[in-house]
>>> print(open('final.cif').read())   # mmCIF, N, CA and C atoms
data_run
loop_
_atom_site.label_atom_id
_atom_site.label_comp_id
_atom_site.auth_asym_id
_atom_site.auth_seq_id
_atom_site.Cartn_x
_atom_site.Cartn_y
_atom_site.Cartn_z
N MET A 1 -7.91 5.11 0.24
CA MET A 1 -7.17 3.90 0.54
C MET A 1 -6.20 4.17 1.69
N ALA A 2 -6.22 3.29 2.64
CA ALA A 2 -5.38 3.47 3.82
C ALA A 2 -4.16 2.57 3.77
N LEU A 3 -3.05 3.07 4.32
CA LEU A 3 -1.86 2.25 4.47
C LEU A 3 -1.89 1.61 5.86
N VAL A 4 -1.72 0.31 5.90
CA VAL A 4 -1.74 -0.44 7.15
C VAL A 4 -0.32 -0.90 7.45
N GLU A 5 0.15 -0.63 8.67
CA GLU A 5 1.48 -1.06 9.08
C GLU A 5 1.42 -2.49 9.60
N VAL A 6 2.37 -3.31 9.15
CA VAL A 6 2.48 -4.68 9.63
C VAL A 6 3.70 -4.73 10.54
N GLU A 7 3.51 -5.24 11.77
CA GLU A 7 4.58 -5.26 12.76
C GLU A 7 5.01 -6.69 13.08
N SER A 8 6.28 -6.82 13.45
CA SER A 8 6.78 -8.09 13.94
C SER A 8 6.28 -8.29 15.36
N GLU A 9 5.85 -9.49 15.67
CA GLU A 9 5.34 -9.78 17.01
C GLU A 9 6.45 -10.15 17.98
N VAL A 10 7.65 -10.44 17.45
CA VAL A 10 8.77 -10.89 18.29
C VAL A 10 10.07 -10.23 17.83
N THR A 11 11.07 -10.29 18.70
CA THR A 11 12.42 -9.90 18.33
C THR A 11 13.10 -11.11 17.72
N GLY A 12 13.80 -10.91 16.61
CA GLY A 12 14.46 -12.04 15.96
C GLY A 12 15.14 -11.62 14.68
N LYS A 13 15.25 -12.58 13.77
CA LYS A 13 15.91 -12.35 12.48
C LYS A 13 14.96 -12.80 11.37
N ILE A 14 14.94 -12.04 10.29
CA ILE A 14 14.11 -12.43 9.14
C ILE A 14 14.73 -13.67 8.52
N TRP A 15 14.00 -14.78 8.61
CA TRP A 15 14.49 -16.06 8.10
C TRP A 15 14.10 -16.24 6.63
N LYS A 16 12.88 -15.79 6.29
CA LYS A 16 12.40 -15.99 4.92
C LYS A 16 11.40 -14.90 4.56
N VAL A 17 11.52 -14.39 3.35
CA VAL A 17 10.55 -13.42 2.82
C VAL A 17 9.68 -14.15 1.82
N GLN A 18 8.35 -14.11 2.03
CA GLN A 18 7.45 -14.89 1.17
C GLN A 18 6.59 -14.02 0.25
N ALA A 19 6.60 -12.70 0.45
CA ALA A 19 5.76 -11.83 -0.37
C ALA A 19 6.63 -10.87 -1.17
N GLU A 20 6.08 -10.37 -2.27
CA GLU A 20 6.81 -9.43 -3.11
C GLU A 20 6.04 -8.12 -3.19
N VAL A 21 6.80 -7.01 -3.17
CA VAL A 21 6.20 -5.69 -3.28
C VAL A 21 5.41 -5.60 -4.59
N GLY A 22 4.22 -5.03 -4.50
CA GLY A 22 3.36 -4.88 -5.67
C GLY A 22 2.34 -5.99 -5.81
N ASN A 23 2.54 -7.09 -5.11
CA ASN A 23 1.61 -8.22 -5.19
C ASN A 23 0.39 -8.00 -4.30
N ALA A 24 -0.71 -8.59 -4.71
CA ALA A 24 -1.91 -8.59 -3.87
C ALA A 24 -1.69 -9.62 -2.76
N VAL A 25 -2.12 -9.26 -1.55
CA VAL A 25 -2.03 -10.18 -0.42
C VAL A 25 -3.41 -10.31 0.21
N ALA A 26 -3.67 -11.49 0.74
CA ALA A 26 -4.95 -11.74 1.40
C ALA A 26 -4.75 -11.63 2.91
N GLU A 27 -5.81 -11.29 3.61
CA GLU A 27 -5.76 -11.27 5.07
C GLU A 27 -5.35 -12.65 5.57
N GLY A 28 -4.35 -12.70 6.44
CA GLY A 28 -3.86 -13.97 6.97
C GLY A 28 -2.73 -14.60 6.17
N GLU A 29 -2.41 -14.03 5.01
CA GLU A 29 -1.31 -14.55 4.19
C GLU A 29 0.03 -14.25 4.87
N VAL A 30 0.94 -15.22 4.85
CA VAL A 30 2.25 -15.03 5.47
C VAL A 30 3.12 -14.14 4.57
N LEU A 31 3.66 -13.07 5.17
CA LEU A 31 4.52 -12.14 4.43
C LEU A 31 5.99 -12.49 4.62
N VAL A 32 6.39 -12.69 5.87
CA VAL A 32 7.75 -13.07 6.19
C VAL A 32 7.72 -14.06 7.36
N ILE A 33 8.84 -14.74 7.56
CA ILE A 33 8.98 -15.62 8.71
C ILE A 33 10.16 -15.12 9.54
N VAL A 34 9.91 -14.91 10.82
CA VAL A 34 10.94 -14.44 11.75
C VAL A 34 11.44 -15.64 12.55
N GLU A 35 12.76 -15.77 12.65
CA GLU A 35 13.34 -16.81 13.50
C GLU A 35 13.68 -16.19 14.84
N SER A 36 13.15 -16.77 15.90
CA SER A 36 13.40 -16.28 17.24
C SER A 36 13.54 -17.47 18.18
N MET A 37 14.65 -17.56 18.86
CA MET A 37 14.93 -18.66 19.79
C MET A 37 14.68 -20.02 19.13
N LYS A 38 15.20 -20.18 17.93
CA LYS A 38 15.11 -21.43 17.15
C LYS A 38 13.69 -21.79 16.73
N MET A 39 12.77 -20.84 16.85
CA MET A 39 11.40 -21.06 16.39
C MET A 39 11.15 -20.18 15.18
N GLU A 40 10.27 -20.64 14.29
CA GLU A 40 9.90 -19.86 13.11
C GLU A 40 8.51 -19.29 13.34
N ILE A 41 8.43 -17.95 13.36
CA ILE A 41 7.16 -17.28 13.64
C ILE A 41 6.71 -16.55 12.37
N PRO A 42 5.58 -16.96 11.79
CA PRO A 42 5.10 -16.28 10.58
C PRO A 42 4.49 -14.92 10.94
N VAL A 43 4.75 -13.93 10.08
CA VAL A 43 4.11 -12.62 10.21
C VAL A 43 3.08 -12.55 9.09
N GLU A 44 1.81 -12.46 9.49
CA GLU A 44 0.72 -12.51 8.52
C GLU A 44 0.18 -11.11 8.23
N SER A 45 -0.41 -10.97 7.07
CA SER A 45 -1.06 -9.72 6.70
C SER A 45 -2.35 -9.56 7.52
N PRO A 46 -2.51 -8.39 8.16
CA PRO A 46 -3.73 -8.18 8.95
C PRO A 46 -4.95 -7.81 8.08
N VAL A 47 -4.69 -7.48 6.81
CA VAL A 47 -5.77 -7.05 5.90
C VAL A 47 -5.49 -7.59 4.49
N SER A 48 -6.50 -7.53 3.64
CA SER A 48 -6.30 -7.82 2.22
C SER A 48 -5.96 -6.52 1.52
N GLY A 49 -5.05 -6.59 0.57
CA GLY A 49 -4.67 -5.39 -0.17
C GLY A 49 -3.45 -5.64 -1.02
N THR A 50 -2.68 -4.56 -1.25
CA THR A 50 -1.48 -4.62 -2.07
C THR A 50 -0.27 -4.32 -1.21
N LEU A 51 0.75 -5.16 -1.28
CA LEU A 51 1.98 -4.92 -0.53
C LEU A 51 2.71 -3.75 -1.19
N LYS A 52 2.73 -2.61 -0.50
CA LYS A 52 3.33 -1.40 -1.06
C LYS A 52 4.81 -1.28 -0.75
N GLU A 53 5.20 -1.73 0.44
CA GLU A 53 6.60 -1.59 0.83
C GLU A 53 6.97 -2.70 1.82
N LEU A 54 8.14 -3.27 1.61
CA LEU A 54 8.68 -4.27 2.53
C LEU A 54 9.95 -3.64 3.11
N LEU A 55 9.96 -3.43 4.41
CA LEU A 55 11.02 -2.67 5.05
C LEU A 55 12.15 -3.55 5.58
N VAL A 56 12.11 -4.85 5.30
CA VAL A 56 13.13 -5.78 5.75
C VAL A 56 13.52 -6.72 4.61
N THR A 57 14.71 -7.32 4.76
CA THR A 57 15.16 -8.35 3.83
C THR A 57 15.67 -9.53 4.64
N LYS A 58 15.95 -10.62 3.97
CA LYS A 58 16.43 -11.83 4.64
C LYS A 58 17.64 -11.50 5.50
N ASP A 59 17.68 -12.07 6.69
CA ASP A 59 18.76 -11.94 7.67
C ASP A 59 18.76 -10.61 8.43
N ASP A 60 17.81 -9.71 8.15
CA ASP A 60 17.71 -8.48 8.95
C ASP A 60 17.28 -8.83 10.36
N LYS A 61 17.80 -8.10 11.33
CA LYS A 61 17.34 -8.25 12.71
C LYS A 61 16.13 -7.33 12.90
N VAL A 62 15.12 -7.82 13.60
CA VAL A 62 13.92 -7.02 13.86
C VAL A 62 13.60 -7.05 15.35
N ASP A 63 12.97 -5.99 15.81
CA ASP A 63 12.53 -5.90 17.20
C ASP A 63 11.03 -6.13 17.28
N GLU A 64 10.57 -6.52 18.46
CA GLU A 64 9.14 -6.65 18.70
C GLU A 64 8.47 -5.32 18.40
N ASP A 65 7.34 -5.35 17.71
CA ASP A 65 6.54 -4.18 17.32
C ASP A 65 7.20 -3.30 16.25
N GLN A 66 8.29 -3.76 15.65
CA GLN A 66 8.91 -3.01 14.56
C GLN A 66 8.05 -3.14 13.30
N VAL A 67 7.83 -2.03 12.61
CA VAL A 67 7.07 -2.06 11.35
C VAL A 67 7.96 -2.69 10.28
N ILE A 68 7.43 -3.74 9.64
CA ILE A 68 8.22 -4.44 8.64
C ILE A 68 7.64 -4.35 7.23
N ALA A 69 6.37 -3.93 7.14
CA ALA A 69 5.74 -3.83 5.82
C ALA A 69 4.58 -2.85 5.85
N LEU A 70 4.25 -2.34 4.66
CA LEU A 70 3.09 -1.45 4.50
C LEU A 70 2.18 -2.04 3.44
N ILE A 71 0.89 -2.15 3.78
CA ILE A 71 -0.09 -2.70 2.86
C ILE A 71 -1.17 -1.65 2.61
N GLU A 72 -1.49 -1.46 1.34
CA GLU A 72 -2.57 -0.54 0.98
C GLU A 72 -3.86 -1.34 0.87
N GLU A 73 -4.84 -0.97 1.71
CA GLU A 73 -6.12 -1.69 1.70
C GLU A 73 -6.89 -1.42 0.43
#
>>> encode(input="final.cif", output="structure tokens")
Amino acid sequence: MALVEVESEVTGKIWKVQAEVGNAVAEGEVLVIVESMKMEIPVESPVSGTLKELLVTKDDKVDEDQVIALIEE
């Protein structure tokens, strides 16, 4: 089983966390929503698997390409 890193596509702030550690996630499922320049950008799971670790919480600042979650395929 491989761990897949999920990265933020933009610099911004975590507006909403929609997934919980330990839950199964489907490919394309929204994990968190990043607010950037008054826009809400969903960060989706690139694979189906189990959310092993969430490295951010609500209101955290994130950078573009920052790893925000780990999913076990």
>>> resolve_selection(input="final.cif", expression="the PyMOL selection byres ((chain A and resi 6-20) around 7)", output="MDAnalysis selection string")
chainID A and resid 4:5 21:24 30:37 43:46 51:52 57:71
>>> atom_distance(input="final.cif", atom1="atom CA of A:Val25", atom2="atom CA of A:Met39")
24.1 Å
>>> atom_distance(input="final.cif", atom1="atom CA of A:Glu40", atom2="atom C of A:Leu3")
25.5 Å
>>> atom_distance(input="final.cif", atom1="atom C of A:Leu54", atom2="atom CA of A:Glu29")
15.7 Å
>>> select_by_dssp(input="final.cif", residues="chain A", states="strand (DSSP E)", output="compact mmCIF listing (two decimals) with N, CA and C atoms, in the coordinates of the input")
# COMPACT_ATOMS: atom_id res chain seq x y z
N LEU A 3 -3.05 3.07 4.32
CA LEU A 3 -1.86 2.25 4.47
C LEU A 3 -1.89 1.61 5.86
N VAL A 4 -1.72 0.31 5.90
CA VAL A 4 -1.74 -0.44 7.15
C VAL A 4 -0.32 -0.90 7.45
N GLU A 5 0.15 -0.63 8.67
CA GLU A 5 1.48 -1.06 9.08
C GLU A 5 1.42 -2.49 9.60
N VAL A 6 2.37 -3.31 9.15
CA VAL A 6 2.48 -4.68 9.63
C VAL A 6 3.70 -4.73 10.54
N GLU A 7 3.51 -5.24 11.77
CA GLU A 7 4.58 -5.26 12.76
C GLU A 7 5.01 -6.69 13.08
N GLY A 12 13.80 -10.91 16.61
CA GLY A 12 14.46 -12.04 15.96
C GLY A 12 15.14 -11.62 14.68
N LYS A 13 15.25 -12.58 13.77
CA LYS A 13 15.91 -12.35 12.48
C LYS A 13 14.96 -12.80 11.37
N ILE A 14 14.94 -12.04 10.29
CA ILE A 14 14.11 -12.43 9.14
C ILE A 14 14.73 -13.67 8.52
N TRP A 15 14.00 -14.78 8.61
CA TRP A 15 14.49 -16.06 8.10
C TRP A 15 14.10 -16.24 6.63
N LYS A 16 12.88 -15.79 6.29
CA LYS A 16 12.40 -15.99 4.92
C LYS A 16 11.40 -14.90 4.56
N VAL A 17 11.52 -14.39 3.35
CA VAL A 17 10.55 -13.42 2.82
C VAL A 17 9.68 -14.15 1.82
N ALA A 24 -0.71 -8.59 -4.71
CA ALA A 24 -1.91 -8.59 -3.87
C ALA A 24 -1.69 -9.62 -2.76
N VAL A 25 -2.12 -9.26 -1.55
CA VAL A 25 -2.03 -10.18 -0.42
C VAL A 25 -3.41 -10.31 0.21
N VAL A 30 0.94 -15.22 4.85
CA VAL A 30 2.25 -15.03 5.47
C VAL A 30 3.12 -14.14 4.57
N LEU A 31 3.66 -13.07 5.17
CA LEU A 31 4.52 -12.14 4.43
C LEU A 31 5.99 -12.49 4.62
N VAL A 32 6.39 -12.69 5.87
CA VAL A 32 7.75 -13.07 6.19
C VAL A 32 7.72 -14.06 7.36
N ILE A 33 8.84 -14.74 7.56
CA ILE A 33 8.98 -15.62 8.71
C ILE A 33 10.16 -15.12 9.54
N VAL A 34 9.91 -14.91 10.82
CA VAL A 34 10.94 -14.44 11.75
C VAL A 34 11.44 -15.64 12.55
N GLU A 35 12.76 -15.77 12.65
CA GLU A 35 13.34 -16.81 13.50
C GLU A 35 13.68 -16.19 14.84
N SER A 36 13.15 -16.77 15.90
CA SER A 36 13.40 -16.28 17.24
C SER A 36 13.54 -17.47 18.18
N MET A 39 12.77 -20.84 16.85
CA MET A 39 11.40 -21.06 16.39
C MET A 39 11.15 -20.18 15.18
N GLU A 40 10.27 -20.64 14.29
CA GLU A 40 9.90 -19.86 13.11
C GLU A 40 8.51 -19.29 13.34
N ILE A 41 8.43 -17.95 13.36
CA ILE A 41 7.16 -17.28 13.64
C ILE A 41 6.71 -16.55 12.37
N PRO A 42 5.58 -16.96 11.79
CA PRO A 42 5.10 -16.28 10.58
C PRO A 42 4.49 -14.92 10.94
N VAL A 43 4.75 -13.93 10.08
CA VAL A 43 4.11 -12.62 10.21
C VAL A 43 3.08 -12.55 9.09
N GLU A 44 1.81 -12.46 9.49
CA GLU A 44 0.72 -12.51 8.52
C GLU A 44 0.18 -11.11 8.23
N GLY A 49 -5.05 -6.59 0.57
CA GLY A 49 -4.67 -5.39 -0.17
C GLY A 49 -3.45 -5.64 -1.02
N THR A 50 -2.68 -4.56 -1.25
CA THR A 50 -1.48 -4.62 -2.07
C THR A 50 -0.27 -4.32 -1.21
N LEU A 51 0.75 -5.16 -1.28
CA LEU A 51 1.98 -4.92 -0.53
C LEU A 51 2.71 -3.75 -1.19
N LYS A 52 2.73 -2.61 -0.50
CA LYS A 52 3.33 -1.40 -1.06
C LYS A 52 4.81 -1.28 -0.75
N GLU A 53 5.20 -1.73 0.44
CA GLU A 53 6.60 -1.59 0.83
C GLU A 53 6.97 -2.70 1.82
N LEU A 54 8.14 -3.27 1.61
CA LEU A 54 8.68 -4.27 2.53
C LEU A 54 9.95 -3.64 3.11
N LYS A 61 17.80 -8.10 11.33
CA LYS A 61 17.34 -8.25 12.71
C LYS A 61 16.13 -7.33 12.90
N VAL A 62 15.12 -7.82 13.60
CA VAL A 62 13.92 -7.02 13.86
C VAL A 62 13.60 -7.05 15.35
N VAL A 67 7.83 -2.03 12.61
CA VAL A 67 7.07 -2.06 11.35
C VAL A 67 7.96 -2.69 10.28
N ILE A 68 7.43 -3.74 9.64
CA ILE A 68 8.22 -4.44 8.64
C ILE A 68 7.64 -4.35 7.23
N ALA A 69 6.37 -3.93 7.14
CA ALA A 69 5.74 -3.83 5.82
C ALA A 69 4.58 -2.85 5.85
N LEU A 70 4.25 -2.34 4.66
CA LEU A 70 3.09 -1.45 4.50
C LEU A 70 2.18 -2.04 3.44
N ILE A 71 0.89 -2.15 3.78
CA ILE A 71 -0.09 -2.70 2.86
C ILE A 71 -1.17 -1.65 2.61
N GLU A 72 -1.49 -1.46 1.34
CA GLU A 72 -2.57 -0.54 0.98
C GLU A 72 -3.86 -1.34 0.87
>>> axis_aligned_box(input="final.cif", around="stretch 65-72 of chain A", padding_each_side="8 Å", output="lines of an AutoDock Vina configuration file")
center_x = 2.5
center_y = -2.9
center_z = 9.3
size_x = 28.8
size_y = 20.8
size_z = 32.8
>>> resolve_selection(input="final.cif", expression="the PyMOL selection byres (((chain A and resi 2 and name CA) around 6) and name CA)", output="PyMOL selection string")
chain A and resi 1+3+72-73
>>> decode(input="final.cif", residues="stretch 29-62 of chain A", atoms="C-alpha atoms", output="mmCIF file, in the first residue's frame")
data_model
loop_
_atom_site.group_PDB
_atom_site.id
_atom_site.type_symbol
_atom_site.label_atom_id
_atom_site.label_comp_id
_atom_site.auth_asym_id
_atom_site.auth_seq_id
_atom_site.Cartn_x
_atom_site.Cartn_y
_atom_site.Cartn_z
ATOM 1 C CA GLU A 29 -13.824 13.649 -3.241
ATOM 2 C CA VAL A 30 -13.268 17.093 -1.703
ATOM 3 C CA LEU A 31 -10.983 16.921 1.350
ATOM 4 C CA VAL A 32 -10.635 20.607 2.219
ATOM 5 C CA ILE A 33 -11.552 23.967 0.740
ATOM 6 C CA VAL A 34 -8.887 26.662 0.442
ATOM 7 C CA GLU A 35 -9.885 30.322 0.343
ATOM 8 C CA SER A 36 -7.647 32.352 -1.938
ATOM 9 C CA MET A 37 -8.378 35.879 -3.179
ATOM 10 C CA LYS A 38 -12.028 35.567 -2.058
ATOM 11 C CA MET A 39 -12.445 32.359 -4.072
ATOM 12 C CA GLU A 40 -13.105 28.898 -2.644
ATOM 13 C CA ILE A 41 -10.877 26.254 -4.224
ATOM 14 C CA PRO A 42 -11.654 22.603 -3.401
ATOM 15 C CA VAL A 43 -8.734 20.228 -2.865
ATOM 16 C CA GLU A 44 -9.783 16.802 -4.108
ATOM 17 C CA SER A 45 -8.385 13.369 -3.417
ATOM 18 C CA PRO A 46 -6.263 12.193 -6.361
ATOM 19 C CA VAL A 47 -6.920 8.520 -5.480
ATOM 20 C CA SER A 48 -9.383 6.294 -3.648
ATOM 21 C CA GLY A 49 -8.199 5.058 -0.276
ATOM 22 C CA THR A 50 -8.094 5.874 3.430
ATOM 23 C CA LEU A 51 -7.262 9.327 4.771
ATOM 24 C CA LYS A 52 -4.286 8.554 7.013
ATOM 25 C CA GLU A 53 -3.224 12.045 8.025
ATOM 26 C CA LEU A 54 -4.549 15.576 7.648
ATOM 27 C CA LEU A 55 -1.716 18.069 8.065
ATOM 28 C CA VAL A 56 -3.890 21.207 8.253
ATOM 29 C CA THR A 57 -6.831 22.527 10.253
ATOM 30 C CA LYS A 58 -9.367 25.289 9.677
ATOM 31 C CA ASP A 59 -7.789 28.754 9.300
ATOM 32 C CA ASP A 60 -4.266 27.383 8.652
ATOM 33 C CA LYS A 61 -2.331 29.241 5.973
ATOM 34 C CA VAL A 62 -1.070 27.022 3.140
#
